[in-house]
$ cat structure_15.cif   # mmCIF, C-alpha atoms and all ligand atoms
data_model
#
loop_
_atom_site.label_atom_id
_atom_site.label_comp_id
_atom_site.auth_asym_id
_atom_site.auth_seq_id
_atom_site.Cartn_x
_atom_site.Cartn_y
_atom_site.Cartn_z
CA MET X 1034 90.86 93.74 96.72
CA LEU X 1035 88.30 91.84 94.68
CA GLN X 1036 84.87 93.40 95.09
CA SER X 1037 83.25 89.97 94.74
CA LYS X 1038 85.01 88.98 98.00
CA LEU X 1039 84.61 92.29 99.91
CA PHE X 1040 82.66 92.02 103.18
CA TYR X 1041 80.06 94.75 102.64
CA LYS X 1042 76.60 95.45 101.39
CA THR X 1043 75.27 98.62 99.82
CA THR X 1044 71.73 99.93 99.98
CA LYS X 1045 70.21 102.03 97.22
CA ASN X 1046 67.61 103.96 99.14
CA LYS X 1047 67.99 106.49 101.88
CA SER X 1048 67.13 104.99 105.23
CA ALA X 1049 64.37 106.62 107.27
CA ASP X 1050 66.19 106.52 110.59
CA THR X 1051 69.52 108.10 109.72
CA GLU X 1052 70.14 111.52 111.21
CA SER X 1053 72.75 113.15 108.98
CA VAL X 1054 74.11 112.92 105.44
CA SER X 1055 77.31 111.24 106.64
CA HIS X 1056 75.36 108.70 108.69
CA ASP X 1057 73.15 107.86 105.71
CA LEU X 1058 75.96 107.63 103.14
CA LEU X 1059 78.39 105.71 105.35
CA VAL X 1060 75.73 103.12 106.25
CA ARG X 1061 74.38 102.82 102.70
CA ALA X 1062 77.85 102.50 101.15
CA GLY X 1063 78.86 99.79 103.63
CA TYR X 1064 81.50 101.75 105.56
CA ILE X 1065 79.90 101.46 109.00
CA ASP X 1066 77.24 99.35 110.69
CA GLN X 1067 75.20 100.46 113.68
CA LEU X 1068 75.09 98.01 116.60
CA MET X 1069 73.00 100.28 118.84
CA ALA X 1070 72.51 104.01 119.41
CA GLY X 1071 75.91 105.68 119.34
CA VAL X 1072 77.88 102.45 118.80
CA PHE X 1073 79.21 101.44 115.37
CA THR X 1074 81.30 98.77 113.66
CA PHE X 1075 83.81 100.06 111.15
CA MET X 1076 83.44 97.67 108.23
CA PRO X 1077 86.55 96.80 106.14
CA LEU X 1078 86.00 99.82 103.86
CA GLY X 1079 85.41 102.21 106.77
CA TYR X 1080 88.32 100.83 108.75
CA ARG X 1081 90.67 101.50 105.83
CA VAL X 1082 89.60 105.16 105.87
CA LEU X 1083 89.94 105.34 109.65
CA LYS X 1084 93.48 103.88 109.43
CA ASN X 1085 94.44 106.46 106.80
CA ILE X 1086 93.22 109.28 109.05
CA GLU X 1087 95.06 107.67 111.97
CA ASN X 1088 98.35 107.56 110.03
CA ILE X 1089 98.11 111.22 109.04
CA ILE X 1090 97.48 112.23 112.67
CA ARG X 1091 100.29 109.98 113.94
CA LYS X 1092 102.79 111.53 111.49
CA HIS X 1093 101.93 115.04 112.70
CA MET X 1094 102.07 114.08 116.40
CA GLU X 1095 105.52 112.54 115.93
CA ASN X 1096 106.59 115.76 114.15
CA ILE X 1097 105.95 117.74 117.33
CA GLY X 1098 107.86 115.23 119.45
CA GLY X 1099 104.94 113.09 120.62
CA GLN X 1100 105.90 109.53 121.62
CA GLU X 1101 103.18 106.96 121.04
CA LEU X 1102 102.11 104.65 123.85
CA LEU X 1103 98.97 102.70 124.71
CA MET X 1104 97.28 103.14 128.07
CA PRO X 1105 94.61 100.82 129.47
CA VAL X 1106 90.90 101.43 128.93
CA LEU X 1107 90.10 100.31 132.49
CA GLN X 1108 91.00 102.87 135.14
CA PRO X 1109 90.88 102.41 138.94
CA LYS X 1110 88.13 104.30 140.76
CA GLU X 1111 90.55 105.80 143.30
CA ASN X 1112 92.39 107.78 140.62
CA LEU X 1113 89.18 109.45 139.48
CA VAL X 1114 88.09 110.05 143.08
CA LYS X 1115 91.39 111.86 143.58
CA THR X 1116 90.63 114.36 140.80
CA GLY X 1117 86.92 114.60 141.67
CA ARG X 1118 85.84 113.27 138.31
CA TRP X 1119 84.31 110.01 139.63
CA ASP X 1120 81.35 112.10 140.85
CA SER X 1121 81.46 115.14 138.60
CA LEU X 1122 81.73 113.55 135.15
CA ASP X 1123 78.16 112.70 134.17
CA ILE X 1124 79.27 110.93 130.97
CA LEU X 1125 81.52 108.48 132.86
CA PHE X 1126 80.96 104.77 132.15
CA THR X 1127 81.67 102.72 135.28
CA VAL X 1128 81.88 98.96 135.70
CA LYS X 1129 81.91 96.64 138.69
CA GLY X 1130 84.45 93.85 138.81
CA SER X 1131 84.79 90.93 141.19
CA GLY X 1132 84.74 91.74 144.91
CA ASP X 1133 82.68 94.85 144.12
CA LYS X 1134 85.79 96.64 142.87
CA GLU X 1135 84.84 99.58 140.68
CA TYR X 1136 86.46 100.88 137.51
CA ALA X 1137 85.94 103.60 134.94
CA MET X 1138 86.08 103.01 131.20
CA GLY X 1139 88.46 105.76 130.06
CA PRO X 1140 86.68 108.87 128.78
CA THR X 1141 90.15 110.52 128.61
CA HIS X 1142 93.42 109.61 130.34
CA GLU X 1143 94.69 112.32 132.69
CA GLU X 1144 94.15 109.98 135.65
CA VAL X 1145 96.46 107.40 134.05
CA VAL X 1146 99.11 109.55 132.38
CA THR X 1147 99.72 111.86 135.39
CA PRO X 1148 100.61 109.10 137.90
CA LEU X 1149 102.62 107.47 135.09
CA ALA X 1150 104.63 110.69 134.61
CA LYS X 1151 105.20 110.79 138.38
CA LYS X 1152 107.25 107.58 138.02
CA MET X 1153 109.43 109.18 135.31
CA VAL X 1154 109.81 112.86 136.20
CA PHE X 1155 112.13 114.00 138.97
CA SER X 1156 114.22 116.89 137.77
CA TYR X 1157 113.92 119.75 135.26
CA ARG X 1158 116.14 117.59 133.03
CA ASP X 1159 113.22 115.17 132.58
CA LEU X 1160 111.08 117.92 131.02
CA PRO X 1161 109.54 118.75 128.62
CA PHE X 1162 108.05 115.71 126.89
CA SER X 1163 104.81 114.63 125.30
CA VAL X 1164 103.11 111.28 124.85
CA PHE X 1165 100.06 110.30 122.85
CA GLN X 1166 97.83 107.36 122.06
CA ILE X 1167 95.17 106.50 119.50
CA GLN X 1168 92.60 104.45 121.33
CA THR X 1169 88.94 103.77 121.98
CA LYS X 1170 87.27 106.10 124.49
CA PHE X 1171 83.92 105.70 126.25
CA ARG X 1172 81.43 108.45 127.07
CA ASP X 1173 77.84 107.89 128.05
CA GLU X 1174 76.42 110.65 125.85
CA LEU X 1175 72.76 111.27 126.60
CA ARG X 1176 72.15 112.35 123.03
CA ALA X 1177 74.12 109.92 120.91
CA LYS X 1178 73.07 110.96 117.42
CA SER X 1179 74.00 112.05 113.90
CA GLY X 1180 75.65 108.73 113.12
CA ILE X 1181 79.36 108.77 113.91
CA LEU X 1182 79.40 112.49 114.79
CA ARG X 1183 78.28 111.87 118.39
CA THR X 1184 78.90 108.36 119.72
CA ARG X 1185 79.33 106.56 123.03
CA GLU X 1186 82.43 104.67 121.98
CA PHE X 1187 84.95 106.32 119.69
CA MET X 1188 88.55 106.42 118.52
CA MET X 1189 90.48 109.38 119.83
CA LYS X 1190 94.00 110.68 119.60
CA ASP X 1191 94.93 112.15 122.96
CA LEU X 1192 98.29 113.76 123.53
CA TYR X 1193 99.53 115.00 126.91
CA SER X 1194 102.44 117.42 127.29
CA PHE X 1195 104.51 118.11 130.42
CA HIS X 1196 106.47 121.30 131.06
CA ALA X 1197 108.64 123.06 133.61
CA THR X 1198 107.53 126.60 132.77
CA GLN X 1199 104.42 128.43 131.59
CA ALA X 1200 106.36 129.85 128.64
CA ASP X 1201 107.28 126.34 127.51
CA LEU X 1202 103.66 125.14 127.82
CA ASP X 1203 102.43 128.24 125.92
CA ALA X 1204 104.90 127.66 123.09
CA TYR X 1205 104.02 123.96 122.78
CA TYR X 1206 100.31 124.80 122.85
CA GLU X 1207 100.71 127.19 119.90
CA LYS X 1208 102.81 124.63 118.05
CA SER X 1209 100.03 122.06 118.56
CA ALA X 1210 97.37 124.48 117.30
CA LYS X 1211 99.40 125.02 114.10
CA THR X 1212 99.89 121.27 113.73
CA TYR X 1213 96.14 120.73 114.09
CA ALA X 1214 95.53 123.24 111.30
CA ASN X 1215 97.96 121.26 109.11
CA ILE X 1216 96.19 117.97 109.91
CA PHE X 1217 92.81 119.39 108.91
CA LYS X 1218 94.33 120.85 105.76
CA GLU X 1219 95.79 117.47 104.82
CA LEU X 1220 92.39 115.87 105.41
CA GLY X 1221 90.75 118.30 102.99
CA ILE X 1222 88.71 120.19 105.61
CA GLY X 1223 91.23 122.95 106.38
CA LYS X 1224 89.19 125.76 104.87
CA ILE X 1225 86.04 124.95 106.83
CA THR X 1226 87.65 124.02 110.14
CA TYR X 1227 88.04 126.96 112.51
CA ARG X 1228 90.23 127.42 115.52
CA THR X 1229 87.49 128.44 117.94
CA MET X 1230 88.10 130.17 121.25
CA ALA X 1231 86.31 128.51 124.12
CA SER X 1232 86.28 128.90 127.86
CA GLY X 1233 89.43 127.57 129.51
CA GLY X 1234 87.94 126.40 132.78
CA SER X 1235 89.73 127.26 136.01
CA PHE X 1236 93.36 127.12 134.87
CA SER X 1237 93.49 129.16 131.71
CA LYS X 1238 91.42 132.00 130.30
CA TYR X 1239 90.81 130.26 126.99
CA SER X 1240 91.02 126.84 125.46
CA ASP X 1241 90.63 126.12 121.76
CA GLU X 1242 88.15 123.95 119.96
CA PHE X 1243 88.54 123.00 116.32
CA GLN X 1244 85.13 123.23 114.73
CA THR X 1245 84.26 122.01 111.24
CA GLU X 1246 81.42 123.81 109.54
CA THR X 1247 78.54 121.46 108.68
CA GLN X 1248 74.75 121.54 108.66
CA ALA X 1249 74.75 118.30 110.69
CA GLY X 1250 76.67 119.97 113.53
CA GLU X 1251 75.11 120.57 116.92
CA ASP X 1252 77.39 123.46 117.86
CA ILE X 1253 77.10 127.11 116.86
CA ILE X 1254 80.25 129.11 116.21
CA TYR X 1255 80.79 132.76 115.31
CA VAL X 1256 83.40 133.20 112.61
CA CYS X 1257 85.17 136.57 112.63
CA LYS X 1258 84.64 138.30 109.27
CA LYS X 1259 88.01 140.05 109.47
CA CYS X 1260 90.50 137.43 110.68
CA ASP X 1261 90.64 133.64 110.61
CA ILE X 1262 89.35 132.61 114.04
CA ALA X 1263 85.95 131.85 115.53
CA ILE X 1264 84.50 132.02 119.03
CA ASN X 1265 81.95 129.73 120.61
CA LYS X 1266 78.61 130.66 122.19
CA GLU X 1267 79.98 130.97 125.70
CA ILE X 1268 82.73 133.37 124.66
CA LYS X 1269 80.34 135.38 122.41
CA ALA X 1270 78.11 135.94 125.47
CA GLU X 1271 80.86 137.42 127.58
CA ASN X 1272 83.04 138.92 124.87
CA PRO X 1273 81.09 140.34 121.91
CA ILE X 1274 84.21 141.44 119.99
CA CYS X 1275 86.87 139.24 118.35
CA PRO X 1276 89.63 138.59 120.93
CA LYS X 1277 92.23 138.53 118.15
CA CYS X 1278 91.42 141.56 115.94
CA LYS X 1279 88.71 143.41 117.97
CA ASN X 1280 86.24 143.26 115.07
CA ALA X 1281 82.55 142.94 116.10
CA ASP X 1282 81.22 141.48 112.86
CA PHE X 1283 80.69 137.70 112.93
CA GLU X 1284 79.08 135.06 110.76
CA GLU X 1285 77.07 132.41 112.61
CA LYS X 1286 77.71 128.82 111.47
CA LYS X 1287 76.62 125.32 112.49
CA SER X 1288 79.58 123.09 113.23
CA VAL X 1289 80.92 119.89 114.76
CA GLU X 1290 83.85 119.83 117.17
CA VAL X 1291 86.60 117.60 115.74
CA GLY X 1292 89.36 118.48 118.19
CA ASN X 1293 90.23 120.50 121.26
CA ILE X 1294 93.31 121.61 123.13
CA PHE X 1295 93.60 122.69 126.78
CA LYS X 1296 96.25 124.17 129.00
CA LEU X 1297 95.66 122.04 132.07
CA GLY X 1298 98.31 123.81 134.14
CA THR X 1299 98.45 122.09 137.53
CA LYS X 1300 94.85 120.78 137.46
CA TYR X 1301 96.02 117.15 137.38
CA SER X 1302 99.62 117.45 138.58
CA SER X 1303 98.41 118.85 141.95
CA PRO X 1304 96.13 115.96 143.01
CA PHE X 1305 98.78 113.43 141.97
CA ASP X 1306 101.59 115.53 143.47
CA LEU X 1307 103.54 115.51 140.20
CA LYS X 1308 106.55 117.73 140.87
CA PHE X 1309 110.07 118.32 139.62
CA THR X 1310 113.19 119.85 141.13
CA ASP X 1311 114.35 122.98 139.32
CA LYS X 1312 117.94 124.21 138.79
CA ASP X 1313 117.93 125.89 142.21
CA ALA X 1314 116.78 122.69 143.93
CA ASN X 1315 113.23 123.95 144.48
CA ASP X 1316 110.28 121.58 144.10
CA LYS X 1317 107.73 122.86 141.57
CA PRO X 1318 104.52 121.41 140.11
CA VAL X 1319 104.73 120.12 136.54
CA LEU X 1320 102.52 122.04 134.07
CA MET X 1321 100.43 120.00 131.65
CA GLY X 1322 98.51 120.39 128.41
CA CYS X 1323 96.12 117.99 126.68
CA TYR X 1324 95.25 117.77 123.01
CA GLY X 1325 92.43 115.63 121.56
CA ILE X 1326 91.14 114.72 118.11
CA GLY X 1327 88.14 112.45 117.45
CA LEU X 1328 88.92 110.18 114.49
CA GLY X 1329 85.40 108.93 113.75
CA ARG X 1330 84.06 112.46 113.94
CA LEU X 1331 86.69 113.59 111.50
CA LEU X 1332 85.68 110.80 109.14
CA GLY X 1333 82.03 111.87 109.46
CA ALA X 1334 82.93 115.55 109.00
CA ILE X 1335 84.84 114.74 105.80
CA VAL X 1336 81.76 112.99 104.37
CA GLU X 1337 79.47 115.83 105.52
CA THR X 1338 81.55 118.26 103.49
CA SER X 1339 82.55 116.07 100.56
CA HIS X 1340 79.64 114.33 98.85
CA ASP X 1341 76.99 114.85 96.18
CA ASP X 1342 73.55 113.38 95.58
CA LYS X 1343 75.12 110.16 94.26
CA GLY X 1344 77.41 109.41 97.18
CA ILE X 1345 80.69 110.08 98.94
CA ILE X 1346 83.66 111.91 97.33
CA TRP X 1347 86.77 110.89 99.33
CA PRO X 1348 89.87 113.08 99.33
CA LYS X 1349 92.72 110.99 97.86
CA ASN X 1350 94.79 110.66 101.02
CA VAL X 1351 92.01 109.14 103.15
CA ALA X 1352 90.14 107.14 100.47
CA PRO X 1353 89.84 103.38 101.15
CA PHE X 1354 91.34 102.76 97.69
CA LEU X 1355 92.79 105.17 95.14
CA VAL X 1356 91.35 103.34 92.13
CA HIS X 1357 88.04 101.62 91.52
CA LEU X 1358 88.64 99.33 88.55
CA VAL X 1359 85.35 98.36 86.93
CA SER X 1360 85.23 95.55 84.41
CA LEU X 1361 82.25 95.51 82.02
CA GLY X 1362 82.80 92.05 80.64
CA ASN X 1363 79.20 91.04 80.05
CA PRO X 1364 78.92 87.26 79.61
CA SER X 1365 75.65 87.51 77.67
CA ALA X 1366 77.39 89.48 74.91
CA GLY X 1367 79.30 86.36 73.88
CA SER X 1368 81.66 84.43 76.07
CA GLY X 1369 84.76 85.02 73.92
CA GLN X 1370 84.58 88.80 74.17
CA ALA X 1371 83.65 88.73 77.85
CA LYS X 1372 86.64 86.54 78.58
CA LYS X 1373 88.97 88.93 76.78
CA ILE X 1374 87.68 91.92 78.72
CA THR X 1375 88.00 90.04 82.00
CA SER X 1376 91.55 88.96 81.32
CA PHE X 1377 92.47 92.51 80.21
CA ALA X 1378 91.02 93.90 83.45
CA GLU X 1379 92.77 91.27 85.55
CA LYS X 1380 96.11 92.11 83.98
CA LEU X 1381 95.56 95.78 84.67
CA TYR X 1382 94.53 95.00 88.27
CA LYS X 1383 97.77 93.08 88.87
CA SER X 1384 99.90 95.72 87.16
CA LEU X 1385 98.43 98.55 89.27
CA GLN X 1386 98.94 96.50 92.43
CA ALA X 1387 102.54 95.81 91.44
CA GLN X 1388 103.01 99.59 91.36
CA SER X 1389 101.65 99.87 94.93
CA ILE X 1390 98.43 101.54 93.80
CA GLU X 1391 95.51 100.51 96.00
CA VAL X 1392 92.76 99.11 93.84
CA LEU X 1393 89.25 97.83 94.45
CA TYR X 1394 88.48 95.64 91.43
CA ASP X 1395 84.81 95.22 90.55
CA ASP X 1396 85.11 91.75 89.08
CA ARG X 1397 81.43 90.85 89.55
CA GLN X 1398 79.79 89.24 86.54
CA ASN X 1399 76.20 89.41 87.74
CA LYS X 1400 75.83 93.22 87.83
CA THR X 1401 74.86 95.56 85.00
CA ALA X 1402 77.03 98.51 84.00
CA GLY X 1403 74.40 100.85 85.50
CA GLU X 1404 74.46 99.02 88.84
CA LYS X 1405 78.26 99.05 88.93
CA PHE X 1406 78.48 102.79 88.16
CA ALA X 1407 75.83 103.72 90.73
CA GLU X 1408 77.70 101.74 93.39
CA SER X 1409 81.02 103.25 92.35
CA ASP X 1410 79.60 106.75 92.82
CA LEU X 1411 78.17 105.78 96.22
CA LEU X 1412 81.54 104.38 97.41
CA GLY X 1413 83.34 107.55 96.35
CA ILE X 1414 86.77 106.16 95.41
CA PRO X 1415 88.79 108.98 93.72
CA TYR X 1416 89.47 107.33 90.32
CA ARG X 1417 87.04 105.08 88.46
CA ILE X 1418 88.72 103.13 85.67
CA VAL X 1419 86.41 101.27 83.31
CA VAL X 1420 87.48 98.42 81.07
CA SER X 1421 84.93 97.60 78.35
CA GLU X 1422 84.86 96.33 74.79
CA LYS X 1423 84.98 99.93 73.54
CA THR X 1424 88.04 100.90 75.62
CA MET X 1425 89.84 97.66 74.87
CA MET X 1426 89.57 98.26 71.09
CA ALA X 1427 91.39 101.57 71.63
CA ASN X 1428 93.99 99.93 73.92
CA SER X 1429 92.69 102.35 76.54
CA VAL X 1430 90.63 102.62 79.66
CA GLU X 1431 87.95 105.12 80.58
CA VAL X 1432 89.03 107.26 83.53
CA LYS X 1433 86.62 109.33 85.59
CA GLU X 1434 87.57 111.23 88.69
CA ARG X 1435 84.82 111.06 91.30
CA SER X 1436 85.05 114.79 91.90
CA LYS X 1437 84.67 115.64 88.20
CA ALA X 1438 81.70 115.42 85.85
CA THR X 1439 83.29 113.95 82.74
CA ALA X 1440 85.23 110.82 81.81
CA ARG X 1441 88.05 110.47 79.30
CA LEU X 1442 89.89 107.73 77.44
CA VAL X 1443 93.47 107.18 78.56
CA LYS X 1444 96.02 104.92 76.84
CA ILE X 1445 97.22 102.09 79.08
CA LYS X 1446 100.82 103.28 78.83
CA ASP X 1447 99.80 106.75 80.10
CA LEU X 1448 97.71 105.49 83.00
CA VAL X 1449 100.34 105.47 85.74
CA LYS X 1450 101.20 109.11 85.07
CA LEU X 1451 97.75 109.98 86.41
CA PHE X 1452 98.48 109.06 90.01
ZN ZN X 1501 89.01 138.64 114.30
#

$ encode --input "structure_15.cif" --output "structure tokens" --more "lines below"
Ligand SMILES: [Zn+2]
Amino acid sequence: MLQSKLFYKTTKNKSADTESVSHDLLVRAGYIDQLMAGVFTFMPLGYRVLKNIENIIRKHMENIGGQELLMPVLQPKENLVKTGRWDSLDILFTVKGSGDKEYAMGPTHEEVVTPLAKKMVFSYRDLPFSVFQIQTKFRDELRAKSGILRTREFMMKDLYSFHATQADLDAYYEKSAKTYANIFKELGIGKITYRTMASGGSFSKYSDEFQTETQAGEDIIYVCKKCDIAINKEIKAENPICPKCKNADFEEKKSVEVGNIFKLGTKYSSPFDLKFTDKDANDKPVLMGCYGIGLGRLLGAIVETSHDDKGIIWPKNVAPFLVHLVSLGNPSAGSGQAKKITSFAEKLYKSLQAQSIEVLYDDRQNKTAGEKFAESDLLGIPYRIVVSEKTMMANSVEVKERSKATARLVKIKDLVKLF
């Protein structure tokens, strides 16, 4: 991608009305644009990051047998009346269609996936299975804030699992929790994301939240000092010792919830009469679990935990590009030399692309070296490669990793070994 053509704009100074570091950096670096409170556009740079996160999540969901589908955003009122959520969900967005017909804009999809499963599941042979989607959800949050950490419209991965027995649901639930830990590890926030015990509602004693430690978070978690889990406020109130290791010593941390998993049991299969016939020809209710991850929140949480005073520091596997190629061909230094540098940089750009390395090429002629470097730090692409008169004389480029303090000269022939 040529930076001169990229649809974006960066801003040098911190904006007065941003509410968190990630909000400020993502807006200033041109990754997101705010349309109104809690509603954002993902700009081309931000959308590339979101897609990378999406692909990592998809890979892990397919690994645990999830089949991807896409359910509609619009849901009929009668389905939510059936489960009681039309009246009880205060964050529900509703719309009126023609003939005064009413709909909900999906905040989650139990009221779609359960009647769908009813068309597919008859016998124990049809179980277990799991389906998931990655789709926009709508929630009328009263306090939409902190940039993309709490929004009214957001991308979510929601997986639903269907089981014949409690033991099967329990086993799948644990497998999902482990998979979530692997996802967060792959996204570079594994060490600061805690499996956090939360209240399970009416069908299970506990559910689990996945909470990422950050100062911008609105949640408080209590991390056990002896083992690896945390508990949320509600659980701490009723259960002052660690449910896993019985230790009573906790560290309080601010956090943001990036995922959650629930054993739904028969909460949704009952109202929709979702049953199966077991081996002895008895009708039994199907047991369900649901498993969510907020993609935009994850993106925000990554920035909250991976930045410095100059800008974002993307982990390699979610970065919008792996390489930021910066050409310092300065036309005022004499057109002959500038031309040589530009053609050297262009050749390198094409060669990296030919090797399937994703490159943003700063080909702009009207920016100073200082401006280009400041912007490169703000954007946070993992490798900055500079082509200048000095590097060209040494048949080299200057390589600086965004996460490191110093740069070094690397011979062109050795460059590919870096990635
Ligand atoms: Zn513990």

$ residues_near_ligand --input "structure_15.cif" --ligand "ligand ZN 1501 (chain X)" --cutoff "12 Å" --atoms "only C-alpha atoms and all ligand atoms" --output "PyMOL selection string"
chain X and resi 1227-1230+1255-1264+1273-1284

$ closest_atom_pairs --input "structure_15.cif" --of "stretch 1057-1153 of chain X" --to "stretch 1300-1317 of chain X" --cutoff "10 Å" --atoms "only C-alpha atoms" --output "JSON lines"
{"residue": "X:Asn1112", "atom": "CA", "partner": "X:Phe1305", "partner_atom": "CA", "distance": 8.6}
{"residue": "X:Val1114", "atom": "CA", "partner": "X:Pro1304", "partner_atom": "CA", "distance": 10.0}
{"residue": "X:Lys1115", "atom": "CA", "partner": "X:Pro1304", "partner_atom": "CA", "distance": 6.3}
{"residue": "X:Thr1116", "atom": "CA", "partner": "X:Pro1304", "partner_atom": "CA", "distance": 6.1}
{"residue": "X:Gly1117", "atom": "CA", "partner": "X:Pro1304", "partner_atom": "CA", "distance": 9.4}
{"residue": "X:Glu1143", "atom": "CA", "partner": "X:Tyr1301", "partner_atom": "CA", "distance": 6.9}
{"residue": "X:Glu1144", "atom": "CA", "partner": "X:Tyr1301", "partner_atom": "CA", "distance": 7.6}
{"residue": "X:Val1146", "atom": "CA", "partner": "X:Tyr1301", "partner_atom": "CA", "distance": 9.6}
{"residue": "X:Thr1147", "atom": "CA", "partner": "X:Ser1302", "partner_atom": "CA", "distance": 6.4}
{"residue": "X:Pro1148", "atom": "CA", "partner": "X:Phe1305", "partner_atom": "CA", "distance": 6.2}
{"residue": "X:Leu1149", "atom": "CA", "partner": "X:Leu1307", "partner_atom": "CA", "distance": 9.6}
{"residue": "X:Ala1150", "atom": "CA", "partner": "X:Leu1307", "partner_atom": "CA", "distance": 7.5}
{"residue": "X:Lys1151", "atom": "CA", "partner": "X:Leu1307", "partner_atom": "CA", "distance": 5.3}
{"residue": "X:Lys1152", "atom": "CA", "partner": "X:Leu1307", "partner_atom": "CA", "distance": 9.0}
{"residue": "X:Met1153", "atom": "CA", "partner": "X:Leu1307", "partner_atom": "CA", "distance": 9.9}

$ closest_residue --input "structure_15.cif" --among "X:Asn1350, X:Gln1166, X:Gln1036, X:Gln1244" --to "X:Tyr1213" --atoms "only C-alpha atoms"
X:Gln1244

$ closest_residue --input "structure_15.cif" --among "X:His1056, X:Arg1061, X:Lys1380, X:Lys1208" --to "X:Lys1042" --atoms "all atoms listed in the file"
X:Arg1061

$ atom_distance --input "structure_15.cif" --atom1 "atom CA of X:Lys1286" --atom2 "atom CA of X:Glu1246"
6.5 Å

$ atom_distance --input "structure_15.cif" --atom1 "atom CA of X:Asp1173" --atom2 "atom CA of X:Glu1186"
8.3 Å

$ atom_distance --input "structure_15.cif" --atom1 "atom CA of X:Thr1141" --atom2 "atom CA of X:Thr1169"
9.5 Å

$ closest_residue --input "structure_15.cif" --among "X:Gly1369, X:Gly1250, X:Pro1348, X:Gly1180" --to "X:Val1072" --atoms "all atoms listed in the file"
X:Gly1180

$ closest_residue --input "structure_15.cif" --among "X:Leu1083, X:Leu1320, X:Val1420, X:Leu1175" --to "X:Leu1442" --atoms "only C-alpha atoms"
X:Val1420
